[in-house]
Amino acid sequence: MNELNYLNGQQGYGSASAMQAELSMSSYIAKTMQRVFGKMFLGILVTAFVSLGIASSPSLLEMIFSSRAIFWVLIIAQFGVVIWLSAGINKMSATTASLLFYVYSALTGVTLTPIFFVYTGDSIVKTFFITSATFGVMAAYGYITKKDLSKMGSILFMALIGLIVVSLVNFFLASPALTWAISLAGVAIFVGLTAWDTQKIKQMALETDEQNVGKLAAIGALTLYLDFINLFLYLLRIFGSRR
């Protein structure tokens, strides 16, 4: 009897320890994801303030958009920052990674400024809230679902490549019907990518120690930021009212 009680005690202790470890890991993942989403949110704020600031300043508008060359330099700089951050994340400090993310957010704010002169302010605000709600639902799904989304993610990535190719073709064709189809496809792709990327970042959090959480927060924020911005732009093509 004493031996039985001893074994039961040991089993209870083991279960309690396992539960404690699981709760600790869940808390660690939750805090890491909060840092990712917090940084992403700050990046969106930087983009919004930069865009609004430039749109309300005739002198800045003249300086930046008076030359196509300047605009294309900004576009190339955006790609350069993304490549630099993505390829060099393991070699740079968390502070540098965060700085590059905010630089990218600011550059995106500059290049997005023209939307204020193409679409009405009300439709931009409406689309922003639609994007936020859609993004939030899909990010929550990606975070809580037990289903492995990796297969879906691979398909969506290939679809994204196809979307880019078709978009380049339509740049020369300028087909309204194809533009509409591209917008619908873009929404579907980035809705799915939001869930997949959230799950992928959550999995990365499981494998990342505290020393590298800052780097994960930066690269994770960039990934989700890109999902949000692209989803917003495709939705704006559908719901935006032109001036």
# chains A, B, ... in the order shown; residues from 1 in each chain; ligands from 1
>>> residues_around(residues="Val36 (chain A)", least_positions_apart="4", cutoff="9 Å", atoms="only C-alpha atoms", output="PDB file with all heavy atoms, in the first residue's frame")
ATOM      1  N   LYS A  31       3.921  35.751 -25.091  1.00  0.00           N
ATOM      2  CA  LYS A  31       4.680  36.993 -24.937  1.00  0.00           C
ATOM      3  C   LYS A  31       5.489  37.299 -26.187  1.00  0.00           C
ATOM      4  O   LYS A  31       5.606  38.458 -26.609  1.00  0.00           O
ATOM      5  CB  LYS A  31       5.604  36.886 -23.718  1.00  0.00           C
ATOM      6  CG  LYS A  31       4.871  36.917 -22.383  1.00  0.00           C
ATOM      7  CD  LYS A  31       5.839  36.791 -21.212  1.00  0.00           C
ATOM      8  CE  LYS A  31       5.106  36.808 -19.887  1.00  0.00           C
ATOM      9  NZ  LYS A  31       6.024  36.644 -18.729  1.00  0.00           N
ATOM     10  N   THR A  32       6.049  36.251 -26.801  1.00  0.00           N
ATOM     11  CA  THR A  32       6.818  36.448 -28.030  1.00  0.00           C
ATOM     12  C   THR A  32       5.926  36.951 -29.155  1.00  0.00           C
ATOM     13  O   THR A  32       6.282  37.892 -29.878  1.00  0.00           O
ATOM     14  CB  THR A  32       7.494  35.130 -28.454  1.00  0.00           C
ATOM     15  OG1 THR A  32       8.361  34.678 -27.407  1.00  0.00           O
ATOM     16  CG2 THR A  32       8.310  35.325 -29.722  1.00  0.00           C
ATOM     17  N   MET A  40       4.772  44.987 -35.317  1.00  0.00           N
ATOM     18  CA  MET A  40       4.073  45.146 -36.589  1.00  0.00           C
ATOM     19  C   MET A  40       3.119  46.341 -36.546  1.00  0.00           C
ATOM     20  O   MET A  40       3.041  47.141 -37.486  1.00  0.00           O
ATOM     21  CB  MET A  40       3.291  43.875 -36.902  1.00  0.00           C
ATOM     22  CG  MET A  40       2.552  43.898 -38.230  1.00  0.00           C
ATOM     23  SD  MET A  40       1.107  42.821 -38.221  1.00  0.00           S
ATOM     24  CE  MET A  40      -0.199  44.016 -38.340  1.00  0.00           C
ATOM     25  N   PHE A  41       2.371  46.468 -35.434  1.00  0.00           N
ATOM     26  CA  PHE A  41       1.432  47.572 -35.270  1.00  0.00           C
ATOM     27  C   PHE A  41       2.163  48.916 -35.298  1.00  0.00           C
ATOM     28  O   PHE A  41       1.709  49.872 -35.939  1.00  0.00           O
ATOM     29  CB  PHE A  41       0.673  47.412 -33.950  1.00  0.00           C
ATOM     30  CG  PHE A  41      -0.284  48.530 -33.647  1.00  0.00           C
ATOM     31  CD1 PHE A  41      -1.448  48.679 -34.368  1.00  0.00           C
ATOM     32  CD2 PHE A  41       0.001  49.456 -32.646  1.00  0.00           C
ATOM     33  CE1 PHE A  41      -2.338  49.722 -34.096  1.00  0.00           C
ATOM     34  CE2 PHE A  41      -0.869  50.493 -32.366  1.00  0.00           C
ATOM     35  CZ  PHE A  41      -2.042  50.623 -33.094  1.00  0.00           C
ATOM     36  N   ILE A 201       5.355  31.647 -37.568  1.00  0.00           N
ATOM     37  CA  ILE A 201       6.071  32.450 -36.572  1.00  0.00           C
ATOM     38  C   ILE A 201       5.889  31.862 -35.172  1.00  0.00           C
ATOM     39  O   ILE A 201       6.827  31.845 -34.371  1.00  0.00           O
ATOM     40  CB  ILE A 201       5.580  33.915 -36.617  1.00  0.00           C
ATOM     41  CG1 ILE A 201       5.950  34.549 -37.963  1.00  0.00           C
ATOM     42  CG2 ILE A 201       6.191  34.731 -35.475  1.00  0.00           C
ATOM     43  CD1 ILE A 201       5.252  35.863 -38.241  1.00  0.00           C
ATOM     44  N   GLY A 214      14.240  39.035 -29.901  1.00  0.00           N
ATOM     45  CA  GLY A 214      14.197  40.350 -30.535  1.00  0.00           C
ATOM     46  C   GLY A 214      14.327  40.255 -32.045  1.00  0.00           C
ATOM     47  O   GLY A 214      13.634  40.967 -32.784  1.00  0.00           O
ATOM     48  N   LEU A 216      13.536  37.564 -33.837  1.00  0.00           N
ATOM     49  CA  LEU A 216      12.311  36.931 -34.311  1.00  0.00           C
ATOM     50  C   LEU A 216      11.178  37.949 -34.388  1.00  0.00           C
ATOM     51  O   LEU A 216      10.382  37.941 -35.338  1.00  0.00           O
ATOM     52  CB  LEU A 216      11.914  35.782 -33.384  1.00  0.00           C
ATOM     53  CG  LEU A 216      10.563  35.109 -33.692  1.00  0.00           C
ATOM     54  CD1 LEU A 216      10.566  34.503 -35.082  1.00  0.00           C
ATOM     55  CD2 LEU A 216      10.244  34.043 -32.651  1.00  0.00           C
ATOM     56  N   ALA A 217      11.105  38.829 -33.404  1.00  0.00           N
ATOM     57  CA  ALA A 217      10.060  39.851 -33.395  1.00  0.00           C
ATOM     58  C   ALA A 217      10.177  40.757 -34.618  1.00  0.00           C
ATOM     59  O   ALA A 217       9.170  41.129 -35.230  1.00  0.00           O
ATOM     60  CB  ALA A 217      10.142  40.677 -32.118  1.00  0.00           C
ATOM     61  N   ALA A 218      11.408  41.090 -35.002  1.00  0.00           N
ATOM     62  CA  ALA A 218      11.619  41.976 -36.150  1.00  0.00           C
ATOM     63  C   ALA A 218      11.245  41.299 -37.458  1.00  0.00           C
ATOM     64  O   ALA A 218      10.502  41.853 -38.271  1.00  0.00           O
ATOM     65  CB  ALA A 218      13.072  42.434 -36.181  1.00  0.00           C
ATOM     66  N   ILE A 219      11.758  40.081 -37.673  1.00  0.00           N
ATOM     67  CA  ILE A 219      11.486  39.395 -38.939  1.00  0.00           C
ATOM     68  C   ILE A 219      10.036  38.933 -39.004  1.00  0.00           C
ATOM     69  O   ILE A 219       9.411  38.947 -40.073  1.00  0.00           O
ATOM     70  CB  ILE A 219      12.460  38.202 -39.137  1.00  0.00           C
ATOM     71  CG1 ILE A 219      12.484  37.778 -40.615  1.00  0.00           C
ATOM     72  CG2 ILE A 219      12.115  37.050 -38.236  1.00  0.00           C
ATOM     73  CD1 ILE A 219      13.117  38.761 -41.544  1.00  0.00           C
ATOM     74  N   GLY A 220       9.474  38.557 -37.849  1.00  0.00           N
ATOM     75  CA  GLY A 220       8.062  38.179 -37.808  1.00  0.00           C
ATOM     76  C   GLY A 220       7.164  39.366 -38.081  1.00  0.00           C
ATOM     77  O   GLY A 220       6.168  39.262 -38.812  1.00  0.00           O
ATOM     78  N   ALA A 221       7.505  40.515 -37.502  1.00  0.00           N
ATOM     79  CA  ALA A 221       6.728  41.737 -37.728  1.00  0.00           C
ATOM     80  C   ALA A 221       6.773  42.134 -39.195  1.00  0.00           C
ATOM     81  O   ALA A 221       5.755  42.543 -39.771  1.00  0.00           O
ATOM     82  CB  ALA A 221       7.269  42.870 -36.851  1.00  0.00           C
ATOM     83  N   LEU A 222       7.933  42.007 -39.827  1.00  0.00           N
ATOM     84  CA  LEU A 222       8.064  42.340 -41.250  1.00  0.00           C
ATOM     85  C   LEU A 222       7.173  41.428 -42.092  1.00  0.00           C
ATOM     86  O   LEU A 222       6.472  41.897 -42.998  1.00  0.00           O
ATOM     87  CB  LEU A 222       9.521  42.193 -41.692  1.00  0.00           C
ATOM     88  CG  LEU A 222       9.777  42.383 -43.197  1.00  0.00           C
ATOM     89  CD1 LEU A 222       9.430  43.800 -43.625  1.00  0.00           C
ATOM     90  CD2 LEU A 222      11.227  42.053 -43.538  1.00  0.00           C
ATOM     91  N   LEU A 224       4.402  39.726 -41.260  1.00  0.00           N
ATOM     92  CA  LEU A 224       2.983  40.023 -41.077  1.00  0.00           C
ATOM     93  C   LEU A 224       2.630  41.414 -41.585  1.00  0.00           C
ATOM     94  O   LEU A 224       1.524  41.645 -42.084  1.00  0.00           O
ATOM     95  CB  LEU A 224       2.607  39.881 -39.604  1.00  0.00           C
ATOM     96  CG  LEU A 224       2.699  38.452 -39.059  1.00  0.00           C
ATOM     97  CD1 LEU A 224       2.433  38.428 -37.554  1.00  0.00           C
ATOM     98  CD2 LEU A 224       1.719  37.525 -39.775  1.00  0.00           C
TER      99      LEU A 224
END
>>> residues_around(residues="region 78-82 of chain A", least_positions_apart="2", cutoff="12 Å", atoms="only C-alpha atoms", output="PyMOL selection string")
chain A and resi 71-76+84-89+96-112+218-219+221-223+225-226
>>> select_by_dssp(residues="region 64-182 of chain A", states="alpha helix (DSSP H)", output="ChimeraX atom specification")
/A:64-65,68-88,94-111,115-118,121-144,150-173,176-182
>>> write_last_selection(atoms="C-alpha atoms", output="short mmCIF file (atom, residue, chain, number, x, y, z; two decimals), in the first residue's frame")
data_model
loop_
_atom_site.label_atom_id
_atom_site.label_comp_id
_atom_site.auth_asym_id
_atom_site.auth_seq_id
_atom_site.Cartn_x
_atom_site.Cartn_y
_atom_site.Cartn_z
CA ILE A 64 9.67 63.41 -53.77
CA PHE A 65 7.28 62.97 -56.68
CA ARG A 68 10.19 59.40 -61.53
CA ALA A 69 13.81 58.59 -60.78
CA ILE A 70 13.40 59.50 -57.10
CA PHE A 71 10.28 57.35 -56.81
CA TRP A 72 12.02 54.35 -58.38
CA VAL A 73 15.01 54.82 -56.08
CA LEU A 74 12.60 54.58 -53.14
CA ILE A 75 11.05 51.39 -54.56
CA ILE A 76 14.49 49.83 -55.04
CA ALA A 77 15.47 50.92 -51.51
CA GLN A 78 12.41 49.09 -50.15
CA PHE A 79 13.43 45.86 -51.85
CA GLY A 80 16.99 46.36 -50.66
CA VAL A 81 15.96 46.74 -47.02
CA VAL A 82 13.76 43.61 -47.16
CA ILE A 83 16.56 41.56 -48.70
CA TRP A 84 19.10 42.94 -46.22
CA LEU A 85 16.89 42.19 -43.22
CA SER A 86 15.77 38.77 -44.42
CA ALA A 87 19.19 37.54 -45.52
CA GLY A 88 21.22 39.03 -42.68
CA ALA A 94 17.99 42.75 -32.63
CA THR A 95 18.30 46.55 -32.49
CA THR A 96 19.61 46.72 -36.06
CA ALA A 97 16.86 44.37 -37.26
CA SER A 98 14.19 46.51 -35.60
CA LEU A 99 15.69 49.70 -37.05
CA LEU A 100 15.66 48.23 -40.55
CA PHE A 101 12.04 47.20 -40.11
CA TYR A 102 11.04 50.74 -39.15
CA VAL A 103 13.09 52.17 -42.03
CA TYR A 104 11.17 49.88 -44.37
CA SER A 105 7.88 50.98 -42.79
CA ALA A 106 8.81 54.63 -43.37
CA LEU A 107 9.82 53.98 -47.00
CA THR A 108 6.51 52.21 -47.56
CA GLY A 109 4.76 55.24 -46.12
CA VAL A 110 6.45 57.39 -48.74
CA THR A 111 5.58 55.15 -51.68
CA ILE A 115 -3.25 56.58 -52.71
CA PHE A 116 -4.53 59.70 -50.93
CA PHE A 117 -4.84 61.39 -54.33
CA VAL A 118 -6.34 58.38 -56.11
CA GLY A 121 -10.27 59.50 -47.60
CA ASP A 122 -13.49 57.80 -46.44
CA SER A 123 -12.89 54.74 -48.63
CA ILE A 124 -9.28 54.48 -47.44
CA VAL A 125 -10.40 54.51 -43.80
CA LYS A 126 -13.19 52.02 -44.51
CA THR A 127 -10.80 49.68 -46.30
CA PHE A 128 -8.28 49.97 -43.47
CA PHE A 129 -10.84 48.77 -40.95
CA ILE A 130 -11.96 45.94 -43.25
CA THR A 131 -8.33 44.93 -43.62
CA SER A 132 -7.74 45.09 -39.86
CA ALA A 133 -10.78 42.91 -39.13
CA THR A 134 -9.89 40.35 -41.82
CA PHE A 135 -6.25 40.25 -40.79
CA GLY A 136 -7.19 39.87 -37.13
CA VAL A 137 -9.52 36.94 -37.77
CA MET A 138 -7.00 35.08 -39.95
CA ALA A 139 -4.09 35.76 -37.58
CA ALA A 140 -6.16 34.44 -34.68
CA TYR A 141 -7.04 31.35 -36.71
CA GLY A 142 -3.39 30.75 -37.57
CA TYR A 143 -2.45 31.11 -33.92
CA ILE A 144 -5.04 28.80 -32.36
CA SER A 150 2.36 24.22 -44.19
CA LYS A 151 0.89 22.50 -47.28
CA MET A 152 -1.55 25.35 -47.79
CA GLY A 153 1.31 27.82 -47.35
CA SER A 154 3.36 26.16 -50.09
CA ILE A 155 0.41 26.35 -52.48
CA LEU A 156 -0.21 30.01 -51.60
CA PHE A 157 3.44 30.87 -52.14
CA MET A 158 3.33 29.38 -55.64
CA ALA A 159 0.05 31.23 -56.27
CA LEU A 160 1.74 34.46 -55.18
CA ILE A 161 4.51 33.96 -57.73
CA GLY A 162 1.85 33.40 -60.39
CA LEU A 163 0.04 36.53 -59.25
CA ILE A 164 3.21 38.60 -59.62
CA VAL A 165 3.77 37.27 -63.15
CA VAL A 166 0.18 37.99 -64.19
CA SER A 167 0.38 41.46 -62.64
CA LEU A 168 3.48 42.22 -64.70
CA VAL A 169 1.72 41.06 -67.86
CA ASN A 170 -1.32 43.18 -67.02
CA PHE A 171 0.96 46.18 -66.53
CA PHE A 172 1.30 46.21 -70.32
CA LEU A 173 -2.20 44.94 -71.17
CA PRO A 176 -9.84 46.12 -66.35
CA ALA A 177 -11.25 42.58 -66.14
CA LEU A 178 -7.83 41.10 -65.42
CA THR A 179 -7.14 43.84 -62.87
CA TRP A 180 -10.34 42.89 -61.03
CA ALA A 181 -9.42 39.20 -61.11
CA ILE A 182 -5.92 39.97 -59.83
#
>>> closest_residue(among="A:Ser175, A:Gly240, A:Leu231, A:Ile29", to="Glu207 (chain A)", atoms="only C-alpha atoms")
A:Ile29
>>> closest_residue(among="A:Ala195, A:Met63, A:Met204, A:Val187", to="Tyr28 (chain A)", atoms="only C-alpha atoms")
A:Met204
>>> closest_residue(among="A:Ser66, A:Asn90, A:Thr198, A:Ser24", to="Val213 (chain A)", atoms="only C-alpha atoms")
A:Asn90
>>> residues_around(residues="Ile238 (chain A)", least_positions_apart="5", cutoff="9 Å", atoms="only C-alpha atoms", output="list in words")
Trp180, Ser183, Leu184 and Leu233 of chain A
>>> atom_distance(atom1="CA of Thr145 (chain A)", atom2="CA of Gln203 (chain A)")
12.1 Å
>>> atom_distance(atom1="CA of Ile229 (chain A)", atom2="CA of Phe190 (chain A)")
9.5 Å
>>> closest_residue(among="A:Asp148, A:Asp197, A:Glu62, A:Glu210", to="Phe228 (chain A)", atoms="only C-alpha atoms")
A:Asp197
>>> atom_distance(atom1="CA of Lys215 (chain A)", atom2="CA of Gly53 (chain A)")
29.3 Å
>>> closest_residue(among="A:Leu60, A:Ala55, A:Met92, A:Leu149", to="Thr113 (chain A)", atoms="only C-alpha atoms")
A:Ala55
